[in-house]
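Q: Provided herewith is a single structure, encoded as structure tokens, for subsequent inquiry.
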Amino acid sequence: MKLAGKVALVTGSSQGIGQAIAIRLAAEGAKVVINYRSHPEGAAETLAKVRAAGGECYCADGYCNNEKGYSVGADLGMVEDVRRLVNESVSHYGSLDILVNNAGIEKHAPFWEVTEADYEAVLNVNLKGVFFATQAIAQHLIETQRPGKIINVSSVHEELPFPNFAAYCASKGGLKMLTRDLSVELAPYGITVNNVAPGAIETPINTKLLNDAEKLGALLKNIPLGRLGQPRDVSGLVAFLASEDADYITGSTFFVDGGLTWNYQEQ
């Protein structure tokens with residue numbers, strides 16, 4: 001129970017990697033705030049799984065009633081919602097120790113066809129939302145004179161080009177630099193900031209790929225370990241970075257990709 005007594009906010013935790021992270025942090029003893037944007041039923045599922053993993057659950061939307069998880073709907077692309085999310089989390093539990101910036105979106109289109117609306121949607125959630133969520137929790141930690149952990153779920157595409165996803169790559173490249181900058185600026189306050197960069201992970205967002213044998217086969221040839229990652233492959237690393245075992249680690253990116261990044265060849 002490495003995180004006993006800690007409170008963690010996991011953005012975008014109604015499914016996939018975010019859900020796995022919430023469950024793992026709860027299993028390590030943390031009280032967890034679940035965030036969703038438009039699928040409260042997904043948040044309810046996460047909360048139920050948190051409870052099954054040994055965590056207590058409370059859901060403001062009436063889906064469950066226990067006390068080691070808390071669910072807040074918020075759009076991470078809107079600064080007002082981001083600040084409300086952090087403030088409600090602190091108000092409910094009295095403090096926050098860990099922020100996992102997991103929420104993210106992508107839009108597929110050739111660069112010359114990307115619309116301003118799609119560009120803004122991706123950058124608002126993937127970069128602006130992270131910026132202001134981190135700012136809000138940093139203000140809380142500095143005011144209360146307590147250390148904290150910021151863990152960003154980035155992507156191999158903070159390093160690796162991804163044709164037809166230019167806005168997504170730009171957002172993750174920006175996140176890499178933001179992490180490095182904040183790791184220096186927040187270190188004097190005992191706040192560490194790190195990135196976890198997943199590769200190809202078997203989640204609902206990849207359903208189309210999983211059902212396309214040809215594309216899946218081509219991708220697997222690029223992964224030296226020969227398989228897609230599982231959400232648990234990411235959540236275990238996040239739990240480590242959130243714990244005291246990682247107190248001297250900051251400003252780093254950890255790739256969870258089965259070797260994909262250094263073996264990738266565009267088909």
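Labels used: A, B, ... for chains in the order of the structure tokens, numbers from 1 for residues in each chain, and numbers from 1 for ligands as shown.
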Identify all residues of range 23-126 of chain A in helix (DSSP H, G or I) (DSSP on the backbone) and supply them as a PyMOL selection string.
A: chain A and resi 23-27+40-52+79-93+111-113+116-126
Q: So that each row is one residue of range 20-54 of chain A with an atom at most 10 Å from range 99-121 of chain A, can you give its shortest atom pair and the distance in Å to one decimal, using only C-alpha atoms, rows by chain and rising number, as JSON lines?
A:
```
{"residue": "A:Ile21", "atom": "CA", "partner": "A:Val100", "partner_atom": "CA", "distance": 8.5}
{"residue": "A:Ala22", "atom": "CA", "partner": "A:Val100", "partner_atom": "CA", "distance": 9.2}
{"residue": "A:Val32", "atom": "CA", "partner": "A:Leu99", "partner_atom": "CA", "distance": 9.9}
{"residue": "A:Val33", "atom": "CA", "partner": "A:Leu99", "partner_atom": "CA", "distance": 9.6}
{"residue": "A:Asn35", "atom": "CA", "partner": "A:Ala103", "partner_atom": "CA", "distance": 8.7}
{"residue": "A:Tyr36", "atom": "CA", "partner": "A:Ala103", "partner_atom": "CA", "distance": 8.6}
{"residue": "A:Arg37", "atom": "CA", "partner": "A:Ala103", "partner_atom": "CA", "distance": 9.3}
```
Q: Write out the residues from the selection above, keeping N, CA and C atoms, as a CSV table (one decimal), in the first residue's frame.
A:
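Heads up, here's the output in part38.csv:
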```csv
chain,number,residue,atom,x,y,z
A,21,ILE,N,-5.3,3.2,-14.5
A,21,ILE,CA,-4.5,4.0,-13.5
A,21,ILE,C,-5.3,4.2,-12.3
A,22,ALA,N,-6.5,4.6,-12.4
A,22,ALA,CA,-7.4,4.8,-11.2
A,22,ALA,C,-7.5,3.6,-10.3
A,32,VAL,N,-9.1,8.2,-4.8
A,32,VAL,CA,-9.0,8.6,-6.2
A,32,VAL,C,-10.2,9.4,-6.6
A,33,VAL,N,-9.9,10.5,-7.3
A,33,VAL,CA,-10.9,11.3,-8.0
A,33,VAL,C,-11.0,10.9,-9.4
A,35,ASN,N,-12.4,11.4,-13.2
A,35,ASN,CA,-12.9,12.5,-14.1
A,35,ASN,C,-13.4,11.9,-15.4
A,36,TYR,N,-14.5,12.4,-15.8
A,36,TYR,CA,-15.0,12.1,-17.2
A,36,TYR,C,-15.6,13.3,-17.8
A,37,ARG,N,-15.7,13.3,-19.1
A,37,ARG,CA,-16.3,14.4,-19.8
A,37,ARG,C,-17.8,14.2,-20.2
```
Q: Considering only C-alpha atoms, state which residue in the set A:Leu123, A:Leu260, A:Leu175, A:Leu25 is at the smallest distance from Leu76 in chain A.
A: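 Of the candidates, the smallest distance to Leu76 in chain A is held by A:Leu123.
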Q: Determine the nearest neighbour of Val90 in chain A from the options A:Val156, A:Ser14, A:Gly77, A:Ala8, counting only C-alpha atoms.
A: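 Selected residue with least distance to Val90 in chain A: A:Ala8.
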Q: Just list the residues in range 128-240 of chain A DSSP gives strand (DSSP E) on the backbone, as a PDB file with N, CA and C atoms, in the first residue's frame.
A:
```
ATOM      1  N   GLY A 148       4.346  16.981  -3.941  1.00  0.00           N
ATOM      2  CA  GLY A 148       3.341  16.363  -4.788  1.00  0.00           C
ATOM      3  C   GLY A 148       3.947  15.704  -6.002  1.00  0.00           C
ATOM      4  N   LYS A 149       3.119  14.953  -6.702  1.00  0.00           N
ATOM      5  CA  LYS A 149       3.545  14.228  -7.895  1.00  0.00           C
ATOM      6  C   LYS A 149       2.632  14.596  -9.066  1.00  0.00           C
ATOM      7  N   ILE A 150       3.245  15.022 -10.160  1.00  0.00           N
ATOM      8  CA  ILE A 150       2.512  15.265 -11.399  1.00  0.00           C
ATOM      9  C   ILE A 150       2.993  14.232 -12.415  1.00  0.00           C
ATOM     10  N   ILE A 151       2.063  13.464 -12.962  1.00  0.00           N
ATOM     11  CA  ILE A 151       2.418  12.442 -13.945  1.00  0.00           C
ATOM     12  C   ILE A 151       1.557  12.669 -15.181  1.00  0.00           C
ATOM     13  N   ASN A 152       2.207  12.976 -16.289  1.00  0.00           N
ATOM     14  CA  ASN A 152       1.508  13.222 -17.547  1.00  0.00           C
ATOM     15  C   ASN A 152       1.527  11.969 -18.412  1.00  0.00           C
ATOM     16  N   VAL A 153       0.378  11.607 -18.934  1.00  0.00           N
ATOM     17  CA  VAL A 153       0.331  10.514 -19.894  1.00  0.00           C
ATOM     18  C   VAL A 153       0.511  11.136 -21.274  1.00  0.00           C
ATOM     19  N   ILE A 191       7.826  19.186  -5.712  1.00  0.00           N
ATOM     20  CA  ILE A 191       6.860  18.668  -6.686  1.00  0.00           C
ATOM     21  C   ILE A 191       7.630  18.090  -7.864  1.00  0.00           C
ATOM     22  N   THR A 192       7.430  16.811  -8.145  1.00  0.00           N
ATOM     23  CA  THR A 192       8.075  16.183  -9.295  1.00  0.00           C
ATOM     24  C   THR A 192       7.097  16.118 -10.464  1.00  0.00           C
ATOM     25  N   VAL A 193       7.650  16.168 -11.669  1.00  0.00           N
ATOM     26  CA  VAL A 193       6.841  16.159 -12.896  1.00  0.00           C
ATOM     27  C   VAL A 193       7.494  15.207 -13.901  1.00  0.00           C
ATOM     28  N   ASN A 194       6.758  14.194 -14.328  1.00  0.00           N
ATOM     29  CA  ASN A 194       7.289  13.215 -15.278  1.00  0.00           C
ATOM     30  C   ASN A 194       6.240  12.842 -16.313  1.00  0.00           C
ATOM     31  N   ASN A 195       6.718  12.321 -17.434  1.00  0.00           N
ATOM     32  CA  ASN A 195       5.853  11.827 -18.506  1.00  0.00           C
ATOM     33  C   ASN A 195       5.925  10.307 -18.593  1.00  0.00           C
ATOM     34  N   VAL A 196       4.791   9.698 -18.830  1.00  0.00           N
ATOM     35  CA  VAL A 196       4.712   8.298 -19.239  1.00  0.00           C
ATOM     36  C   VAL A 196       4.219   8.303 -20.676  1.00  0.00           C
ATOM     37  N   ALA A 197       4.961   7.673 -21.567  1.00  0.00           N
ATOM     38  CA  ALA A 197       4.658   7.738 -23.000  1.00  0.00           C
ATOM     39  C   ALA A 197       4.293   6.359 -23.536  1.00  0.00           C
ATOM     40  N   PRO A 198       2.996   6.029 -23.572  1.00  0.00           N
ATOM     41  CA  PRO A 198       2.580   4.734 -24.097  1.00  0.00           C
ATOM     42  C   PRO A 198       2.760   4.645 -25.607  1.00  0.00           C
TER      43      PRO A 198
END
```
Q: Give the answer as one residue: which of A:Tyr93, A:Tyr70, A:Tyr264, A:Phe255 has the shortest atom-to-atom distance to Ser155 in chain A, using only C-alpha atoms?
A: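 Using only C-alpha atoms, the shortest distance to Ser155 in chain A belongs to A:Phe255.
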Q: Do you have, as JSON lines, the list of residues of range 6-102 of chain A lying at most 10 Å from range 219-232 of chain A, each with its nearest atom pair and that distance in Å to one decimal, counting only C-alpha atoms and ordered by chain then number?
A:
```
{"residue": "A:Gln15", "atom": "CA", "partner": "A:Pro231", "partner_atom": "CA", "distance": 9.9}
{"residue": "A:Gly16", "atom": "CA", "partner": "A:Pro231", "partner_atom": "CA", "distance": 6.6}
{"residue": "A:Ile17", "atom": "CA", "partner": "A:Pro231", "partner_atom": "CA", "distance": 4.9}
{"residue": "A:Gly18", "atom": "CA", "partner": "A:Pro231", "partner_atom": "CA", "distance": 8.3}
{"residue": "A:Gln19", "atom": "CA", "partner": "A:Pro231", "partner_atom": "CA", "distance": 8.4}
{"residue": "A:Ala20", "atom": "CA", "partner": "A:Pro231", "partner_atom": "CA", "distance": 5.8}
{"residue": "A:Ile21", "atom": "CA", "partner": "A:Arg232", "partner_atom": "CA", "distance": 7.6}
{"residue": "A:Ile23", "atom": "CA", "partner": "A:Arg232", "partner_atom": "CA", "distance": 9.6}
{"residue": "A:Arg24", "atom": "CA", "partner": "A:Arg232", "partner_atom": "CA", "distance": 8.1}
```
Q: Name the residues in contact with Glu88 in chain A at a cut-off of 12 Å, using only C-alpha atoms, excluding same-chain residues fewer than 6 positions from it; report them as a ChimeraX atom specification.
A: /A:9,33-35,60,70-74,81-82,94-96,136-137
Q: Calculated over only C-alpha atoms, which of the candidates A:Ala44, A:Thr261, A:Thr179, A:Glu185 has the smallest distance to Leu160 in chain A?
A: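 Ranked by minimum distance to Leu160 in chain A, first place goes to A:Thr261.
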Q: Per residue of range 209-264 of chain A within 12 Å of range 26-30 of chain A, what are the shortest atom pair and its distance in Å to one decimal, counting only C-alpha atoms, with rows by chain and residue number, as a tab-separated table?
A:
```
residue	atom	partner	partner_atom	distance
A:Ser235	CA	A:Ala27	CA	11.0
A:Gly236	CA	A:Glu28	CA	10.2
A:Val238	CA	A:Glu28	CA	11.2
A:Ala239	CA	A:Glu28	CA	7.7
A:Phe240	CA	A:Glu28	CA	9.9
A:Ala242	CA	A:Ala30	CA	10.0
A:Ser243	CA	A:Glu28	CA	9.3
```
Q: I'd like the contact shell of Arg146 in chain A - 9 Å cut-off, only C-alpha atoms, skipping same-chain residues fewer than 6 positions apart - returned as a PyMOL selection string.
A: chain A and resi 97+140+189-191
Q: A:Glu41, A:Asn211, A:Ser91, A:Glu159: which is nearest Trp262 in chain A, counting only C-alpha atoms?
A: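 Among the listed residues, A:Glu159 lies closest to Trp262 in chain A.
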Q: Taking only C-alpha atoms into account, which of A:Ser13, A:Asn263, A:Asn126, A:Gln139 comes nearest Leu47 in chain A?
A: A:Ser13
Q: What's the separation between CA of Lys172 in chain A and CA of Ser154 in chain A, in Å to one decimal place?
A: 5.9 Å
Q: Using CA of Arg180 in chain A and CA of Arg83 in chain A as the two end points, give the distance in Å to one decimal.
A: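 Rounded to one decimal, the two atoms are 22.6 Å apart.
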Q: Just the number, please: distance in Å from CA of Phe165 in chain A to CA of Glu80 in chain A, one decimal.
A: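 Answer for the CA of Phe165 in chain A to CA of Glu80 in chain A separation: 27.1 Å.
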